Amino acid sequence: MNHLSCPVCGKPLTQLYKLRFNVYRCNSCELLHSDAEFEHSFESDLESTSRDIGLKKLRLANFNIIIKELQKLKASKTSKLDGLEIGSGNGWWLETCRANDMICTGIEPEHIYEQYHQQNGLKVIYGFYPEVSPKKEGGYDFIIFNDVFEHIPDINELVESLRNDLADDGLLIINLPMSTGIFYRLATFQHKLGFNSNLTRMWQFNFHSPHMNYFNEQNMKLLLGKHSFDCLSVLKLNTLDFTSIRERILADKGVNKAKAAIMTTSLTVLKPVILSSEPDIKVFFFRKK
Ligand SMILES: [Zn+2]
């Protein structure tokens with residue numbers, strides 16, 4: 001892979017810093033790009049029980065925001081919406097779709113949630129998109145990425161496959177963390193002071209599936225615009241449910257209880273700042289031109 005040019009705008013990339021992997025910045029569109037590698041061991045580093053308690057409430061609230069916008073943008077469609085989710089993880093998005101009378105098939109490389117998927121009657125195909133993806137006559141009404149797009153190495157090839165798999169009026173929905181969010185900026189500031197752990201965590205360089213790119217709103221639109229997609233809307237999603245921060249922090253096996261308590265207190269104190277700052281997660285709705 002060529003790390004010298006930006007995958008969004010093609011301009012040269014400049015090395016910013018090296019953590020476990022190198023991080024580069026495009027001085028033109030401000031994309032942050034890493035040369036991280038996906039480890040094919042398929043073993044999750046997260047404690048799934050703690051993660052479930054901490055994340056579920058927050059995730060479902062965010063999914064409901066996405067569902068409302070999707071229903072609004074697809075209000076003219078009379079039959080059931082039929083979509084594809086790439087990287088379904090636990091399957092909560094698929095459950096949310098069912099609860100809202102939509103069809104959605106999940107594509108997921110890992111098998112750790114397979115039992116949960118089966119017990120809950122969720123349709124998941126195991127493997128990588130687009131290799132295992134079922135083709136739909138006329139294309140899908142929507143394809144969604146929930147915290148997955150930032151992990152994918154070849155985004156240009158990916159977007160072309162998405163174009164082919166979407167219906168002519170199909171929506172591409174991308175929900176992802178932003179380089180302009182307060183957590184990313186705080187972690188960058190800490191890194192400048194010599195503390196690398198939070199920035200390593202933001203890039204998930206200690207996990208088997210690290211982040212390849214960190215986008216801002218402009219370069220996200222630039223990438224999709226290049227592949228002939230129009231941006232219909234961008235919404236802010238919530239990063240933290242302040243009632244379950246502790247469980248989320250504990251879900252990372254590397255964090256002990258004392259450290260989790262300190263982090264929980266700090267985040268609670270910072271709550272007003274976090275809520276009023278530039279959002280850490282946004283969801284984009286694109287449509288083929
Ligand atoms: Zn660029």
# chains A, B, ... in the order shown; residues from 1 in each chain; ligands from 1
call {"tool": "closest_atom_pairs", "arguments": {"of": "chain A", "to": "ligand 1", "cutoff": "10 Å", "atoms": "only C-alpha atoms and all ligand atoms", "output": "CSV"}}
result
residue,atom,partner,partner_atom_place_in_ligand_line,distance
A:Ser5,CA,ligand 1,1 (Zn),7.7
A:Cys6,CA,ligand 1,1 (Zn),4.6
A:Pro7,CA,ligand 1,1 (Zn),6.6
A:Val8,CA,ligand 1,1 (Zn),5.0
A:Cys9,CA,ligand 1,1 (Zn),4.1
A:Gly10,CA,ligand 1,1 (Zn),5.9
A:Lys11,CA,ligand 1,1 (Zn),5.5
A:Pro12,CA,ligand 1,1 (Zn),7.5
A:Leu13,CA,ligand 1,1 (Zn),7.5
A:Arg25,CA,ligand 1,1 (Zn),7.9
A:Cys26,CA,ligand 1,1 (Zn),4.6
A:Asn27,CA,ligand 1,1 (Zn),6.7
A:Ser28,CA,ligand 1,1 (Zn),5.2
A:Cys29,CA,ligand 1,1 (Zn),4.0
A:Glu30,CA,ligand 1,1 (Zn),5.9
A:Leu31,CA,ligand 1,1 (Zn),5.5
A:Leu32,CA,ligand 1,1 (Zn),8.5
A:His33,CA,ligand 1,1 (Zn),9.5
A:Asn219,CA,ligand 1,1 (Zn),7.2
A:Leu222,CA,ligand 1,1 (Zn),9.0
A:Leu223,CA,ligand 1,1 (Zn),9.0
call {"tool": "select_by_dssp", "arguments": {"residues": "stretch 152-200 of chain A", "states": "helix (DSSP H, G or I)", "output": "PyMOL selection string"}}
result
chain A and resi 155-165+182-192+197-200
call {"tool": "write_last_selection", "arguments": {"atoms": "C-alpha atoms", "output": "JSON list (two decimals), in the first residue's frame"}}
result
[["chain", "number", "residue", "atom", "x", "y", "z"],
["A", 155, "ILE", "CA", -11.73, 2.85, 1.35],
["A", 156, "ASN", "CA", -11.86, 3.75, -2.36],
["A", 157, "GLU", "CA", -12.35, 0.16, -3.49],
["A", 158, "LEU", "CA", -14.90, -0.28, -0.70],
["A", 159, "VAL", "CA", -17.00, 2.73, -1.76],
["A", 160, "GLU", "CA", -17.12, 1.47, -5.35],
["A", 161, "SER", "CA", -18.48, -1.90, -4.13],
["A", 162, "LEU", "CA", -21.06, -0.03, -2.06],
["A", 163, "ARG", "CA", -22.20, 1.93, -5.11],
["A", 164, "ASN", "CA", -22.77, -1.34, -6.96],
["A", 165, "ASP", "CA", -24.71, -2.92, -4.09],
["A", 182, "ILE", "CA", -12.97, 16.52, 22.04],
["A", 183, "PHE", "CA", -11.68, 13.04, 22.98],
["A", 184, "TYR", "CA", -9.38, 12.87, 20.00],
["A", 185, "ARG", "CA", -8.11, 16.38, 20.64],
["A", 186, "LEU", "CA", -7.56, 15.67, 24.35],
["A", 187, "ALA", "CA", -5.64, 12.50, 23.51],
["A", 188, "THR", "CA", -3.48, 14.44, 21.02],
["A", 189, "PHE", "CA", -2.76, 17.05, 23.68],
["A", 190, "GLN", "CA", -1.77, 14.32, 26.19],
["A", 191, "HIS", "CA", 0.49, 12.78, 23.54],
["A", 192, "LYS", "CA", 2.26, 16.14, 23.14],
["A", 197, "SER", "CA", -1.87, 5.64, 26.13],
["A", 198, "ASN", "CA", -5.07, 7.53, 25.29],
["A", 199, "LEU", "CA", -4.01, 8.28, 21.74],
["A", 200, "THR", "CA", -3.04, 4.61, 21.25]]
call {"tool": "residues_around", "arguments": {"residues": "A:Thr180", "least_positions_apart": "6", "cutoff": "10 Å", "atoms": "only C-alpha atoms", "output": "MDAnalysis selection string"}}
result
chainID A and resid 214:217 277:281
call {"tool": "closest_residue", "arguments": {"among": "A:Leu60, A:Ile107, A:Leu122, A:Ala167", "to": "A:Leu81", "atoms": "only C-alpha atoms"}}
result
A:Ala167
call {"tool": "residues_around", "arguments": {"residues": "A:Asn64", "least_positions_apart": "4", "cutoff": "10 Å", "atoms": "only C-alpha atoms", "output": "list of chain:residue names"}}
result
A:Arg59, A:Leu60, A:Lys68, A:Glu69, A:Leu70, A:Trp93, A:Thr96, A:Cys97, A:Asn100
call {"tool": "residues_around", "arguments": {"residues": "A:Lys282", "least_positions_apart": "6", "cutoff": "10 Å", "atoms": "only C-alpha atoms", "output": "JSON, numbers by chain"}}
result
{"A": [62, 174, 175, 176, 177, 178, 181, 216, 217, 234, 235, 236, 237, 238, 239]}
call {"tool": "write_last_selection", "arguments": {"atoms": "N, CA, C and O atoms", "output": "PDB file, in the first residue's frame"}}
result
ATOM      1  N   ASN A  62     -28.439   5.930  20.169  1.00  0.00           N
ATOM      2  CA  ASN A  62     -27.885   6.432  18.901  1.00  0.00           C
ATOM      3  C   ASN A  62     -28.572   5.776  17.697  1.00  0.00           C
ATOM      4  O   ASN A  62     -28.859   6.437  16.704  1.00  0.00           O
ATOM      5  N   ILE A 174     -23.022   6.162   7.398  1.00  0.00           N
ATOM      6  CA  ILE A 174     -21.725   5.910   8.032  1.00  0.00           C
ATOM      7  C   ILE A 174     -21.681   6.612   9.383  1.00  0.00           C
ATOM      8  O   ILE A 174     -21.795   7.836   9.469  1.00  0.00           O
ATOM      9  N   ASN A 175     -21.524   5.802  10.421  1.00  0.00           N
ATOM     10  CA  ASN A 175     -21.497   6.293  11.801  1.00  0.00           C
ATOM     11  C   ASN A 175     -20.082   6.032  12.306  1.00  0.00           C
ATOM     12  O   ASN A 175     -19.633   4.892  12.355  1.00  0.00           O
ATOM     13  N   LEU A 176     -19.339   7.121  12.627  1.00  0.00           N
ATOM     14  CA  LEU A 176     -17.916   6.917  12.936  1.00  0.00           C
ATOM     15  C   LEU A 176     -17.350   8.021  13.836  1.00  0.00           C
ATOM     16  O   LEU A 176     -17.928   9.106  13.929  1.00  0.00           O
ATOM     17  N   PRO A 177     -16.204   7.752  14.501  1.00  0.00           N
ATOM     18  CA  PRO A 177     -15.581   8.765  15.357  1.00  0.00           C
ATOM     19  C   PRO A 177     -14.879   9.836  14.519  1.00  0.00           C
ATOM     20  O   PRO A 177     -14.413   9.559  13.420  1.00  0.00           O
ATOM     21  N   MET A 178     -14.807  11.036  15.048  1.00  0.00           N
ATOM     22  CA  MET A 178     -14.281  12.187  14.313  1.00  0.00           C
ATOM     23  C   MET A 178     -12.949  12.669  14.887  1.00  0.00           C
ATOM     24  O   MET A 178     -12.782  12.726  16.113  1.00  0.00           O
ATOM     25  N   GLY A 181     -13.348  15.681  17.270  1.00  0.00           N
ATOM     26  CA  GLY A 181     -14.046  15.533  18.553  1.00  0.00           C
ATOM     27  C   GLY A 181     -13.134  15.835  19.737  1.00  0.00           C
ATOM     28  O   GLY A 181     -11.907  15.772  19.626  1.00  0.00           O
ATOM     29  N   ASN A 216     -12.665  14.016   9.345  1.00  0.00           N
ATOM     30  CA  ASN A 216     -13.497  15.107   9.825  1.00  0.00           C
ATOM     31  C   ASN A 216     -14.677  15.215   8.848  1.00  0.00           C
ATOM     32  O   ASN A 216     -14.741  14.462   7.867  1.00  0.00           O
ATOM     33  N   GLU A 217     -15.597  16.136   9.141  1.00  0.00           N
ATOM     34  CA  GLU A 217     -16.804  16.180   8.303  1.00  0.00           C
ATOM     35  C   GLU A 217     -16.480  16.503   6.832  1.00  0.00           C
ATOM     36  O   GLU A 217     -17.043  15.905   5.915  1.00  0.00           O
ATOM     37  N   VAL A 234     -26.059  15.176   8.198  1.00  0.00           N
ATOM     38  CA  VAL A 234     -25.032  14.771   9.164  1.00  0.00           C
ATOM     39  C   VAL A 234     -25.607  15.038  10.549  1.00  0.00           C
ATOM     40  O   VAL A 234     -26.050  16.147  10.833  1.00  0.00           O
ATOM     41  N   LEU A 235     -25.630  14.009  11.388  1.00  0.00           N
ATOM     42  CA  LEU A 235     -26.168  14.185  12.743  1.00  0.00           C
ATOM     43  C   LEU A 235     -25.105  13.868  13.784  1.00  0.00           C
ATOM     44  O   LEU A 235     -24.212  13.059  13.551  1.00  0.00           O
ATOM     45  N   LYS A 236     -25.260  14.514  14.925  1.00  0.00           N
ATOM     46  CA  LYS A 236     -24.351  14.270  16.043  1.00  0.00           C
ATOM     47  C   LYS A 236     -24.867  13.069  16.843  1.00  0.00           C
ATOM     48  O   LYS A 236     -26.067  12.953  17.088  1.00  0.00           O
ATOM     49  N   LEU A 237     -23.964  12.173  17.229  1.00  0.00           N
ATOM     50  CA  LEU A 237     -24.365  11.062  18.096  1.00  0.00           C
ATOM     51  C   LEU A 237     -23.661  11.202  19.443  1.00  0.00           C
ATOM     52  O   LEU A 237     -22.653  11.897  19.556  1.00  0.00           O
ATOM     53  N   ASN A 238     -24.216  10.530  20.442  1.00  0.00           N
ATOM     54  CA  ASN A 238     -23.634  10.636  21.792  1.00  0.00           C
ATOM     55  C   ASN A 238     -22.515   9.627  21.988  1.00  0.00           C
ATOM     56  O   ASN A 238     -22.610   8.479  21.561  1.00  0.00           O
ATOM     57  N   THR A 239     -21.442  10.067  22.640  1.00  0.00           N
ATOM     58  CA  THR A 239     -20.277   9.223  22.878  1.00  0.00           C
ATOM     59  C   THR A 239     -20.365   8.530  24.224  1.00  0.00           C
ATOM     60  O   THR A 239     -19.894   7.428  24.409  1.00  0.00           O
TER      61      THR A 239
END
call {"tool": "select_by_dssp", "arguments": {"residues": "stretch 44-218 of chain A", "states": "strand (DSSP E)", "output": "ChimeraX atom specification"}}
result
/A:82-86,103-108,124-126,140-146,166-177,213-214
call {"tool": "residues_around", "arguments": {"residues": "A:Thr78", "least_positions_apart": "5", "cutoff": "12 Å", "atoms": "only C-alpha atoms", "output": "number ranges by chain"}}
result
A: 71, 102, 141
call {"tool": "atom_distance", "arguments": {"atom1": "atom CA of A:Phe205", "atom2": "atom CA of A:Ala36"}}
result
7.3 Å
call {"tool": "closest_residue", "arguments": {"among": "A:Asp230, A:Asp82, A:Glu131, A:Glu95", "to": "A:Pro109", "atoms": "only C-alpha atoms"}}
result
A:Glu131
